[in-house]
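Peer 1: Coordinates in my_file_12.txt, compact mmCIF, N, CA and C atoms and all ligand atoms, are listed below.
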```txt
# COMPACT_ATOMS: atom_id res chain seq x y z
N MET A 1 -17.36 -8.14 22.67
CA MET A 1 -15.97 -8.12 22.18
C MET A 1 -15.91 -7.32 20.89
N SER A 2 -15.02 -6.34 20.83
CA SER A 2 -14.90 -5.55 19.60
C SER A 2 -14.03 -6.30 18.60
N SER A 3 -14.34 -6.12 17.30
CA SER A 3 -13.57 -6.84 16.28
C SER A 3 -12.18 -6.22 16.17
N PRO A 4 -11.18 -7.02 15.78
CA PRO A 4 -9.81 -6.50 15.72
C PRO A 4 -9.64 -5.44 14.65
N GLU A 5 -8.67 -4.57 14.85
CA GLU A 5 -8.40 -3.51 13.86
C GLU A 5 -7.97 -4.15 12.53
N LYS A 6 -8.38 -3.49 11.44
CA LYS A 6 -8.03 -3.99 10.10
C LYS A 6 -7.36 -2.88 9.30
N THR A 7 -6.47 -3.27 8.41
CA THR A 7 -5.87 -2.30 7.50
C THR A 7 -5.86 -2.85 6.08
N LEU A 8 -5.77 -1.95 5.11
CA LEU A 8 -5.62 -2.37 3.72
C LEU A 8 -4.14 -2.26 3.33
N ILE A 9 -3.62 -3.36 2.83
CA ILE A 9 -2.23 -3.39 2.33
C ILE A 9 -2.27 -3.69 0.84
N LEU A 10 -1.46 -2.98 0.07
CA LEU A 10 -1.28 -3.32 -1.35
C LEU A 10 0.18 -3.63 -1.62
N VAL A 11 0.43 -4.68 -2.39
CA VAL A 11 1.74 -4.84 -3.03
C VAL A 11 1.57 -4.16 -4.38
N LYS A 12 2.32 -3.07 -4.59
CA LYS A 12 2.18 -2.26 -5.80
C LYS A 12 2.80 -2.98 -7.00
N PRO A 13 2.57 -2.45 -8.23
CA PRO A 13 3.07 -3.15 -9.43
C PRO A 13 4.58 -3.41 -9.41
N ASP A 14 5.36 -2.52 -8.80
CA ASP A 14 6.82 -2.77 -8.74
C ASP A 14 7.13 -3.98 -7.88
N GLY A 15 6.39 -4.15 -6.80
CA GLY A 15 6.59 -5.29 -5.90
C GLY A 15 6.19 -6.60 -6.57
N VAL A 16 5.06 -6.56 -7.31
CA VAL A 16 4.61 -7.78 -8.00
C VAL A 16 5.60 -8.13 -9.12
N ARG A 17 6.03 -7.12 -9.90
CA ARG A 17 6.98 -7.38 -11.00
C ARG A 17 8.27 -7.99 -10.49
N ARG A 18 8.69 -7.56 -9.32
CA ARG A 18 9.96 -8.06 -8.78
C ARG A 18 9.82 -9.34 -7.96
N GLY A 19 8.61 -9.88 -7.91
CA GLY A 19 8.42 -11.16 -7.22
C GLY A 19 8.50 -11.05 -5.71
N LEU A 20 8.01 -9.91 -5.17
CA LEU A 20 8.12 -9.68 -3.72
C LEU A 20 6.81 -9.88 -2.96
N VAL A 21 5.82 -10.48 -3.62
CA VAL A 21 4.53 -10.68 -2.94
C VAL A 21 4.72 -11.56 -1.70
N GLY A 22 5.43 -12.67 -1.86
CA GLY A 22 5.65 -13.59 -0.74
C GLY A 22 6.43 -12.93 0.38
N GLU A 23 7.45 -12.15 0.00
CA GLU A 23 8.28 -11.44 0.99
C GLU A 23 7.42 -10.48 1.84
N VAL A 24 6.53 -9.74 1.17
CA VAL A 24 5.68 -8.79 1.91
C VAL A 24 4.73 -9.55 2.83
N ILE A 25 4.09 -10.60 2.31
CA ILE A 25 3.16 -11.38 3.14
C ILE A 25 3.92 -11.97 4.33
N SER A 26 5.12 -12.48 4.09
CA SER A 26 5.91 -13.06 5.19
C SER A 26 6.18 -12.04 6.28
N ARG A 27 6.53 -10.83 5.88
CA ARG A 27 6.83 -9.81 6.89
C ARG A 27 5.59 -9.48 7.72
N VAL A 28 4.45 -9.43 7.05
CA VAL A 28 3.19 -9.15 7.76
C VAL A 28 2.87 -10.30 8.72
N GLU A 29 3.00 -11.52 8.22
CA GLU A 29 2.68 -12.69 9.06
C GLU A 29 3.72 -12.89 10.16
N ASN A 30 4.99 -12.68 9.83
CA ASN A 30 6.04 -12.87 10.86
C ASN A 30 5.87 -11.89 12.01
N LYS A 31 5.34 -10.71 11.71
CA LYS A 31 5.08 -9.73 12.75
C LYS A 31 3.96 -10.20 13.67
N GLY A 32 3.12 -11.09 13.14
CA GLY A 32 2.03 -11.64 13.95
C GLY A 32 0.65 -11.20 13.52
N TYR A 33 0.57 -10.42 12.44
CA TYR A 33 -0.74 -10.01 11.94
C TYR A 33 -1.33 -11.14 11.11
N LYS A 34 -2.65 -11.11 11.01
CA LYS A 34 -3.35 -12.15 10.28
C LYS A 34 -3.87 -11.60 8.96
N VAL A 35 -3.50 -12.25 7.86
CA VAL A 35 -4.05 -11.88 6.55
C VAL A 35 -5.38 -12.60 6.40
N THR A 36 -6.46 -11.83 6.24
CA THR A 36 -7.79 -12.44 6.21
C THR A 36 -8.41 -12.45 4.82
N ASN A 37 -7.95 -11.57 3.93
CA ASN A 37 -8.47 -11.49 2.56
C ASN A 37 -7.31 -11.15 1.63
N LEU A 38 -7.35 -11.74 0.44
CA LEU A 38 -6.24 -11.53 -0.51
C LEU A 38 -6.79 -11.58 -1.92
N ARG A 39 -6.37 -10.62 -2.75
CA ARG A 39 -6.80 -10.69 -4.16
C ARG A 39 -5.79 -10.01 -5.07
N MET A 40 -5.61 -10.58 -6.27
CA MET A 40 -4.76 -9.93 -7.27
C MET A 40 -5.67 -9.28 -8.29
N LEU A 41 -5.33 -8.04 -8.68
CA LEU A 41 -6.13 -7.33 -9.67
C LEU A 41 -5.25 -6.32 -10.40
N THR A 42 -5.74 -5.88 -11.56
CA THR A 42 -5.10 -4.73 -12.20
C THR A 42 -6.06 -3.57 -12.03
N ALA A 43 -5.62 -2.55 -11.29
CA ALA A 43 -6.51 -1.45 -10.94
C ALA A 43 -6.71 -0.52 -12.14
N ASP A 44 -7.94 -0.02 -12.32
CA ASP A 44 -8.17 0.96 -13.39
C ASP A 44 -8.20 2.38 -12.80
N ARG A 45 -8.26 3.36 -13.69
CA ARG A 45 -8.18 4.76 -13.26
C ARG A 45 -9.29 5.14 -12.29
N ALA A 46 -10.50 4.60 -12.54
CA ALA A 46 -11.63 4.97 -11.69
C ALA A 46 -11.39 4.53 -10.25
N LEU A 47 -10.94 3.28 -10.10
CA LEU A 47 -10.66 2.75 -8.76
C LEU A 47 -9.53 3.56 -8.09
N LEU A 48 -8.48 3.84 -8.86
CA LEU A 48 -7.32 4.53 -8.28
C LEU A 48 -7.63 5.99 -7.95
N THR A 49 -8.50 6.60 -8.74
CA THR A 49 -8.88 7.99 -8.45
C THR A 49 -9.61 8.05 -7.11
N LYS A 50 -10.45 7.03 -6.85
CA LYS A 50 -11.12 6.96 -5.55
C LYS A 50 -10.12 6.74 -4.43
N HIS A 51 -9.25 5.77 -4.64
CA HIS A 51 -8.28 5.44 -3.59
C HIS A 51 -7.42 6.65 -3.24
N TYR A 52 -6.91 7.32 -4.26
CA TYR A 52 -5.93 8.39 -4.03
C TYR A 52 -6.54 9.79 -4.14
N GLU A 53 -7.84 9.92 -3.82
CA GLU A 53 -8.52 11.22 -4.01
C GLU A 53 -7.83 12.37 -3.25
N GLU A 54 -7.21 12.07 -2.10
CA GLU A 54 -6.53 13.12 -1.32
C GLU A 54 -5.34 13.73 -2.08
N HIS A 55 -4.84 13.01 -3.09
CA HIS A 55 -3.66 13.50 -3.82
C HIS A 55 -4.02 14.17 -5.15
N GLN A 56 -5.32 14.27 -5.46
CA GLN A 56 -5.72 14.92 -6.72
C GLN A 56 -5.17 16.34 -6.76
N GLY A 57 -4.63 16.72 -7.92
CA GLY A 57 -4.08 18.07 -8.09
C GLY A 57 -2.60 18.16 -7.79
N LYS A 58 -2.03 17.16 -7.14
CA LYS A 58 -0.59 17.18 -6.87
C LYS A 58 0.18 16.78 -8.12
N PRO A 59 1.42 17.26 -8.26
CA PRO A 59 2.18 16.98 -9.49
C PRO A 59 2.42 15.49 -9.75
N PHE A 60 2.43 14.68 -8.70
CA PHE A 60 2.68 13.25 -8.92
C PHE A 60 1.40 12.44 -9.09
N PHE A 61 0.23 13.13 -9.14
CA PHE A 61 -1.03 12.38 -9.20
C PHE A 61 -1.15 11.55 -10.48
N GLU A 62 -0.94 12.17 -11.63
CA GLU A 62 -1.04 11.44 -12.91
C GLU A 62 0.01 10.31 -12.98
N PRO A 63 1.29 10.62 -12.69
CA PRO A 63 2.28 9.53 -12.66
C PRO A 63 1.91 8.41 -11.69
N LEU A 64 1.27 8.78 -10.57
CA LEU A 64 0.86 7.76 -9.59
C LEU A 64 -0.20 6.83 -10.19
N LEU A 65 -1.20 7.41 -10.87
CA LEU A 65 -2.24 6.60 -11.50
C LEU A 65 -1.65 5.71 -12.60
N GLU A 66 -0.75 6.30 -13.37
CA GLU A 66 -0.09 5.57 -14.46
C GLU A 66 0.68 4.36 -13.90
N PHE A 67 1.46 4.64 -12.87
CA PHE A 67 2.26 3.58 -12.24
C PHE A 67 1.38 2.51 -11.60
N MET A 68 0.38 2.93 -10.85
CA MET A 68 -0.44 1.96 -10.11
C MET A 68 -1.31 1.10 -11.02
N SER A 69 -1.53 1.57 -12.27
CA SER A 69 -2.32 0.77 -13.22
C SER A 69 -1.42 0.05 -14.22
N SER A 70 -0.10 0.08 -14.00
CA SER A 70 0.85 -0.44 -14.99
C SER A 70 1.00 -1.97 -14.95
N GLY A 71 0.38 -2.62 -14.00
CA GLY A 71 0.46 -4.07 -13.91
C GLY A 71 -0.34 -4.54 -12.71
N PRO A 72 -0.39 -5.85 -12.51
CA PRO A 72 -1.18 -6.36 -11.39
C PRO A 72 -0.65 -5.90 -10.03
N ILE A 73 -1.59 -5.78 -9.10
CA ILE A 73 -1.26 -5.49 -7.70
C ILE A 73 -1.91 -6.58 -6.85
N VAL A 74 -1.44 -6.70 -5.63
CA VAL A 74 -2.07 -7.64 -4.70
C VAL A 74 -2.62 -6.84 -3.53
N ALA A 75 -3.92 -6.99 -3.30
CA ALA A 75 -4.58 -6.28 -2.19
C ALA A 75 -4.86 -7.28 -1.09
N MET A 76 -4.62 -6.86 0.15
CA MET A 76 -4.97 -7.74 1.26
C MET A 76 -5.49 -6.96 2.45
N ILE A 77 -6.28 -7.64 3.25
CA ILE A 77 -6.70 -7.09 4.54
C ILE A 77 -5.90 -7.83 5.60
N ALA A 78 -5.24 -7.07 6.48
CA ALA A 78 -4.55 -7.68 7.61
C ALA A 78 -5.21 -7.18 8.88
N GLU A 79 -5.25 -8.03 9.89
CA GLU A 79 -5.87 -7.60 11.14
C GLU A 79 -5.01 -7.94 12.35
N GLY A 80 -5.24 -7.18 13.42
CA GLY A 80 -4.53 -7.35 14.67
C GLY A 80 -4.54 -6.04 15.44
N GLU A 81 -4.25 -6.10 16.73
CA GLU A 81 -4.18 -4.89 17.55
C GLU A 81 -3.20 -3.89 16.92
N GLN A 82 -3.64 -2.66 16.69
CA GLN A 82 -2.80 -1.57 16.17
C GLN A 82 -2.12 -1.89 14.84
N VAL A 83 -2.79 -2.72 14.04
CA VAL A 83 -2.19 -3.15 12.76
C VAL A 83 -1.97 -1.96 11.80
N ILE A 84 -2.80 -0.92 11.91
CA ILE A 84 -2.67 0.21 10.97
C ILE A 84 -1.31 0.87 11.17
N GLN A 85 -1.05 1.28 12.41
CA GLN A 85 0.24 1.91 12.73
C GLN A 85 1.38 0.91 12.60
N GLY A 86 1.12 -0.31 13.00
CA GLY A 86 2.16 -1.35 12.97
C GLY A 86 2.63 -1.63 11.55
N PHE A 87 1.70 -1.70 10.60
CA PHE A 87 2.14 -1.96 9.23
C PHE A 87 2.85 -0.74 8.65
N ARG A 88 2.40 0.47 9.00
CA ARG A 88 3.10 1.68 8.51
C ARG A 88 4.57 1.65 8.96
N LYS A 89 4.80 1.16 10.18
CA LYS A 89 6.18 1.02 10.69
C LYS A 89 6.95 -0.03 9.89
N LEU A 90 6.30 -1.15 9.62
CA LEU A 90 6.94 -2.21 8.82
C LEU A 90 7.28 -1.70 7.43
N ALA A 91 6.39 -0.87 6.86
CA ALA A 91 6.58 -0.36 5.50
C ALA A 91 7.72 0.64 5.43
N GLY A 92 7.83 1.50 6.43
CA GLY A 92 8.87 2.53 6.43
C GLY A 92 8.44 3.80 5.71
N ALA A 93 9.32 4.77 5.67
CA ALA A 93 9.00 6.08 5.11
C ALA A 93 8.64 5.98 3.62
N THR A 94 7.82 6.93 3.16
CA THR A 94 7.38 6.97 1.76
C THR A 94 8.56 6.96 0.79
N ASP A 95 9.56 7.77 1.08
CA ASP A 95 10.74 7.87 0.23
C ASP A 95 11.71 6.73 0.60
N PRO A 96 11.93 5.80 -0.32
CA PRO A 96 12.73 4.61 0.03
C PRO A 96 14.18 4.94 0.39
N THR A 97 14.67 6.09 -0.06
CA THR A 97 16.04 6.49 0.34
C THR A 97 16.07 6.86 1.81
N GLN A 98 14.97 7.43 2.29
CA GLN A 98 14.88 7.83 3.71
C GLN A 98 14.39 6.68 4.60
N ALA A 99 13.74 5.69 4.02
CA ALA A 99 13.18 4.59 4.82
C ALA A 99 14.31 3.82 5.51
N GLU A 100 14.12 3.52 6.78
CA GLU A 100 15.15 2.83 7.56
C GLU A 100 15.36 1.41 7.04
N PRO A 101 16.62 0.97 7.02
CA PRO A 101 16.88 -0.45 6.80
C PRO A 101 16.10 -1.26 7.85
N GLY A 102 15.62 -2.42 7.46
CA GLY A 102 14.77 -3.21 8.35
C GLY A 102 13.31 -3.07 7.97
N THR A 103 12.98 -1.97 7.28
CA THR A 103 11.60 -1.80 6.80
C THR A 103 11.50 -2.35 5.36
N ILE A 104 10.27 -2.58 4.93
CA ILE A 104 10.04 -3.10 3.57
C ILE A 104 10.63 -2.14 2.54
N ARG A 105 10.29 -0.87 2.66
CA ARG A 105 10.79 0.11 1.69
C ARG A 105 12.28 0.35 1.84
N GLY A 106 12.77 0.35 3.06
CA GLY A 106 14.19 0.56 3.32
C GLY A 106 15.05 -0.58 2.81
N ASP A 107 14.54 -1.79 2.89
CA ASP A 107 15.31 -2.96 2.46
C ASP A 107 15.16 -3.25 0.98
N LEU A 108 13.98 -2.98 0.41
CA LEU A 108 13.65 -3.56 -0.89
C LEU A 108 13.45 -2.54 -2.01
N ALA A 109 13.42 -1.23 -1.67
CA ALA A 109 13.16 -0.22 -2.71
C ALA A 109 14.28 0.82 -2.71
N ARG A 110 14.38 1.53 -3.84
CA ARG A 110 15.31 2.66 -3.93
C ARG A 110 14.75 3.68 -4.89
N ASP A 111 15.36 4.85 -4.93
CA ASP A 111 14.99 5.90 -5.86
C ASP A 111 15.26 5.42 -7.28
N MET A 112 14.21 5.37 -8.12
CA MET A 112 14.37 4.92 -9.50
C MET A 112 14.44 6.10 -10.46
N GLY A 113 14.45 7.31 -9.95
CA GLY A 113 14.53 8.50 -10.79
C GLY A 113 13.26 8.77 -11.58
N THR A 114 12.14 8.21 -11.14
CA THR A 114 10.86 8.38 -11.84
C THR A 114 10.05 9.51 -11.22
N LYS A 115 9.00 9.95 -11.95
CA LYS A 115 8.17 11.07 -11.47
C LYS A 115 7.39 10.71 -10.23
N VAL A 116 7.09 9.43 -10.11
CA VAL A 116 6.39 8.98 -8.90
C VAL A 116 7.30 8.02 -8.15
N ILE A 117 7.24 8.11 -6.84
CA ILE A 117 8.03 7.23 -5.99
C ILE A 117 7.48 5.81 -6.07
N GLN A 118 8.35 4.86 -6.40
CA GLN A 118 7.97 3.45 -6.44
C GLN A 118 8.48 2.81 -5.15
N ASN A 119 7.55 2.38 -4.32
CA ASN A 119 7.94 1.95 -2.96
C ASN A 119 7.26 0.67 -2.48
N ILE A 120 6.96 -0.21 -3.40
CA ILE A 120 6.58 -1.61 -3.11
C ILE A 120 5.20 -1.81 -2.47
N VAL A 121 4.90 -1.00 -1.44
CA VAL A 121 3.65 -1.27 -0.70
C VAL A 121 2.86 0.00 -0.40
N HIS A 122 1.57 -0.21 -0.19
CA HIS A 122 0.68 0.80 0.38
C HIS A 122 0.12 0.24 1.68
N GLY A 123 -0.08 1.12 2.66
CA GLY A 123 -0.80 0.74 3.88
C GLY A 123 -1.66 1.90 4.33
N SER A 124 -2.89 1.61 4.75
CA SER A 124 -3.80 2.66 5.22
C SER A 124 -3.14 3.44 6.37
N ASP A 125 -3.51 4.74 6.47
CA ASP A 125 -2.84 5.58 7.47
C ASP A 125 -3.71 5.93 8.69
N SER A 126 -4.98 5.49 8.71
CA SER A 126 -5.87 5.77 9.84
C SER A 126 -7.04 4.81 9.78
N LYS A 127 -7.83 4.76 10.86
CA LYS A 127 -9.02 3.89 10.86
C LYS A 127 -10.00 4.29 9.76
N GLU A 128 -10.16 5.61 9.58
CA GLU A 128 -11.09 6.10 8.56
C GLU A 128 -10.61 5.67 7.17
N SER A 129 -9.30 5.86 6.89
CA SER A 129 -8.76 5.46 5.58
C SER A 129 -8.90 3.96 5.40
N ALA A 130 -8.60 3.19 6.43
CA ALA A 130 -8.66 1.73 6.31
C ALA A 130 -10.07 1.29 5.93
N GLU A 131 -11.05 1.85 6.63
CA GLU A 131 -12.44 1.48 6.36
C GLU A 131 -12.83 1.85 4.92
N ARG A 132 -12.44 3.04 4.52
CA ARG A 132 -12.75 3.54 3.18
C ARG A 132 -12.04 2.68 2.11
N GLU A 133 -10.76 2.42 2.32
CA GLU A 133 -9.97 1.70 1.31
C GLU A 133 -10.36 0.23 1.21
N ILE A 134 -10.70 -0.38 2.33
CA ILE A 134 -11.13 -1.79 2.31
C ILE A 134 -12.38 -1.92 1.45
N LYS A 135 -13.29 -0.94 1.56
CA LYS A 135 -14.52 -0.97 0.74
C LYS A 135 -14.21 -0.84 -0.75
N ILE A 136 -13.14 -0.10 -1.08
CA ILE A 136 -12.79 0.09 -2.49
C ILE A 136 -12.24 -1.21 -3.10
N TYR A 137 -11.45 -1.94 -2.35
CA TYR A 137 -10.78 -3.13 -2.88
C TYR A 137 -11.50 -4.44 -2.59
N PHE A 138 -12.33 -4.44 -1.54
CA PHE A 138 -13.07 -5.65 -1.17
C PHE A 138 -14.53 -5.29 -0.97
N ASN A 139 -15.38 -5.99 -1.66
CA ASN A 139 -16.77 -5.58 -1.65
C ASN A 139 -17.66 -6.62 -0.99
P1 LIG B 1 2.28 6.72 1.69
O1 LIG B 1 2.15 5.69 0.59
O2 LIG B 1 3.56 6.54 2.44
O3 LIG B 1 1.05 6.82 2.56
P2 LIG B 1 1.38 9.19 0.41
O4 LIG B 1 1.86 10.55 0.80
O5 LIG B 1 -0.01 8.81 0.81
O6 LIG B 1 2.46 8.13 0.96
O7 LIG B 1 1.52 9.09 -1.16
C1 LIG B 1 0.95 8.03 -1.90
C2 LIG B 1 1.98 7.51 -2.88
O8 LIG B 1 2.27 8.54 -3.84
C3 LIG B 1 3.34 7.18 -2.27
O9 LIG B 1 3.41 5.89 -1.69
C4 LIG B 1 4.25 7.32 -3.46
O10 LIG B 1 4.16 6.19 -4.33
C5 LIG B 1 3.66 8.53 -4.17
N1 LIG B 1 4.24 9.81 -3.71
C6 LIG B 1 4.00 10.45 -2.53
N2 LIG B 1 4.68 11.61 -2.43
C7 LIG B 1 5.36 11.74 -3.58
C8 LIG B 1 6.25 12.74 -4.09
O11 LIG B 1 6.54 13.76 -3.44
N3 LIG B 1 6.79 12.51 -5.31
C9 LIG B 1 6.50 11.41 -6.05
N4 LIG B 1 5.66 10.45 -5.62
C10 LIG B 1 5.10 10.59 -4.39
MG MG B 2 -0.89 7.41 2.05
```
As structure tokens, how would this structure be written, given the file I've shared?
Peer 2:
Amino acid sequence: MSSPEKTLILVKPDGVRRGLVGEVISRVENKGYKVTNLRMLTADRALLTKHYEEHQGKPFFEPLLEFMSSGPIVAMIAEGEQVIQGFRKLAGATDPTQAEPGTIRGDLARDMGTKVIQNIVHGSDSKESAEREIKIYFN
């Protein structure tokens, strides 16, 4: 029997500041995915540089690191069939103005006029990313 697919989910500092940790976990659980690991931490630059290495050199990279280290985040591992794609659907589009109502970003986030998009959650985008990101946040 192969083990179920896993993804890394983060509630970003904007989500934690606004008291949306429970809301995000509820949406993940209500969908039927299982949260197997959970931790709150304040990420430092070294950890975030590893996590977001694909975005190095982009104009929003520095603002992204600044934002993501601006307060506590909640990291979790969720598992279930097709959870990677399934959570990306639950999260909605990166830009909260474009994210469909019904999604986490569409319902709970908006354009704040900042250099980096603040959009409540992160979710891994592929099996390779999930495996890599889970190792960064859970050891
Ligand atoms: P994702 O979180 O939907 O996977 P990515 O393209 O991987 O989106 O970008 C990582 C994070 O960087 C986004 O969630 C958002 O916070 C921020 N970001 C992405 N693209 C932009 C942009 O064009 N301007 C400002 N911030 C951005
Ligand atoms: Mg991404």
Peer 1: So how far away is atom CA of Ala43 of chain A from atom CA of Glu100 of chain A, in Å?
Peer 2: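 Separating atom CA of Glu100 of chain A from atom CA of Ala43 of chain A is a distance of 28.8 Å.
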Peer 1: Could you check which of A:Glu23, A:Gly123, A:Lys115, A:Ile136 is closest to Phe60 of chain A, using only N, CA and C atoms?
Peer 2: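 Once distances to Phe60 of chain A are computed over only N, CA and C atoms, the minimum belongs to A:Lys115.
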Peer 1: Run DSSP on the backbone and give me the residues of chain A it puts in alpha helix (DSSP H), as a PyMOL selection string.
Peer 2: chain A and resi 13-17+21-31+45-51+61-68+83-91+104-108+127-137
Peer 1: Can you check which parts of chain A lie within 5 Å of ligand LIG 1 (chain B)? Per residue, the shortest pair of atoms and distance in Å to one decimal, counting only N, CA and C atoms and all ligand atoms, sorted by chain and number, as a tab-separated table.
Peer 2:
```
residue	atom	partner	partner_atom	distance
A:Thr94	CA	B:LIG1	O2	3.9
A:Lys115	C	B:LIG1	C9	4.3
A:Val116	CA	B:LIG1	N4	3.7
A:Ile117	N	B:LIG1	N4	3.1
A:Gln118	N	B:LIG1	O10	4.9
```
Peer 1: For the residues selected in the previous step, produce a file with N, CA and C atoms as a PDB file, in the frame of the given file.
Peer 2:
```pdb
ATOM      1  N   THR A  94       7.820   6.930   3.160  1.00  0.00           N
ATOM      2  CA  THR A  94       7.380   6.970   1.760  1.00  0.00           C
ATOM      3  C   THR A  94       8.560   6.960   0.790  1.00  0.00           C
ATOM      4  N   LYS A 115       9.000   9.950 -11.950  1.00  0.00           N
ATOM      5  CA  LYS A 115       8.170  11.070 -11.470  1.00  0.00           C
ATOM      6  C   LYS A 115       7.390  10.710 -10.230  1.00  0.00           C
ATOM      7  N   VAL A 116       7.090   9.430 -10.110  1.00  0.00           N
ATOM      8  CA  VAL A 116       6.390   8.980  -8.900  1.00  0.00           C
ATOM      9  C   VAL A 116       7.300   8.020  -8.150  1.00  0.00           C
ATOM     10  N   ILE A 117       7.240   8.110  -6.840  1.00  0.00           N
ATOM     11  CA  ILE A 117       8.030   7.230  -5.990  1.00  0.00           C
ATOM     12  C   ILE A 117       7.480   5.810  -6.070  1.00  0.00           C
ATOM     13  N   GLN A 118       8.350   4.860  -6.400  1.00  0.00           N
ATOM     14  CA  GLN A 118       7.970   3.450  -6.440  1.00  0.00           C
ATOM     15  C   GLN A 118       8.480   2.810  -5.150  1.00  0.00           C
TER      16      GLN A 118
END
```
Peer 1: May I have a table of the residues of chain A lying at most 9 Å from ligand MG 2 (chain B), giving each one's closest pair of atoms and their distance in Å to one decimal, counting only C-alpha atoms and all ligand atoms, ordered by chain and ascending residue number, as a tab-separated table?
Peer 2:
```
residue	atom	partner	partner_atom	distance
A:Tyr52	CA	B:MG2	MG	8.0
A:Glu54	CA	B:MG2	MG	8.7
A:His55	CA	B:MG2	MG	8.9
A:Thr94	CA	B:MG2	MG	8.3
A:His122	CA	B:MG2	MG	7.0
A:Gly123	CA	B:MG2	MG	6.9
A:Ser124	CA	B:MG2	MG	6.4
A:Asp125	CA	B:MG2	MG	6.0
A:Ser129	CA	B:MG2	MG	8.8
```
Peer 1: Excluding Arg39 of chain A and any residue of its chain fewer than 3 positions from it, enumerate the residues within 10 Å of it, using only C-alpha atoms, and give them as a PyMOL selection string.
Peer 2: chain A and resi 10+73-77+137-138
Peer 1: Between A:Ile120, A:Glu81, A:Ala109, A:Lys31, which one has atoms that come closest to Asp14 of chain A, using only C-alpha atoms?
Peer 2: A:Ile120
Peer 1: Write out as a short mmCIF file (atom, residue, chain, number, x, y, z; two decimals) with N, CA and C atoms, in the coordinates of the input each polymer residue whose atoms come within 8 Å of Thr7 of chain A, counting only C-alpha atoms; drop sequence neighbours fewer than 6 positions from it.
Peer 2:
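New file around.cif:
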```
data_model
loop_
_atom_site.label_atom_id
_atom_site.label_comp_id
_atom_site.auth_asym_id
_atom_site.auth_seq_id
_atom_site.Cartn_x
_atom_site.Cartn_y
_atom_site.Cartn_z
N ILE A 77 -6.28 -7.64 3.25
CA ILE A 77 -6.70 -7.09 4.54
C ILE A 77 -5.90 -7.83 5.60
N ALA A 78 -5.24 -7.07 6.48
CA ALA A 78 -4.55 -7.68 7.61
C ALA A 78 -5.21 -7.18 8.88
N GLU A 79 -5.25 -8.03 9.89
CA GLU A 79 -5.87 -7.60 11.14
C GLU A 79 -5.01 -7.94 12.35
N VAL A 83 -2.79 -2.72 14.04
CA VAL A 83 -2.19 -3.15 12.76
C VAL A 83 -1.97 -1.96 11.80
N ILE A 84 -2.80 -0.92 11.91
CA ILE A 84 -2.67 0.21 10.97
C ILE A 84 -1.31 0.87 11.17
N GLY A 123 -0.08 1.12 2.66
CA GLY A 123 -0.80 0.74 3.88
C GLY A 123 -1.66 1.90 4.33
N SER A 124 -2.89 1.61 4.75
CA SER A 124 -3.80 2.66 5.22
C SER A 124 -3.14 3.44 6.37
N LYS A 127 -7.83 4.76 10.86
CA LYS A 127 -9.02 3.89 10.86
C LYS A 127 -10.00 4.29 9.76
N ALA A 130 -8.60 3.19 6.43
CA ALA A 130 -8.66 1.73 6.31
C ALA A 130 -10.07 1.29 5.93
N GLU A 131 -11.05 1.85 6.63
CA GLU A 131 -12.44 1.48 6.36
C GLU A 131 -12.83 1.85 4.92
N ILE A 134 -10.70 -0.38 2.33
CA ILE A 134 -11.13 -1.79 2.31
C ILE A 134 -12.38 -1.92 1.45
#
```
Peer 1: Closest to Leu41 of chain A among A:Pro13, A:Met112, A:Gly102, A:Pro72, using only N, CA and C atoms?
Peer 2: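 So, comparing all the options, the nearest one is A:Pro72.
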Peer 1: Which residue out of A:Thr36, A:Thr114, A:Asn119, A:Gln82 has the minimum interatomic distance to Asp95 of chain A when only C-alpha atoms are used?
Peer 2: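 With only C-alpha atoms as the atom set, the closest residue is A:Asn119.
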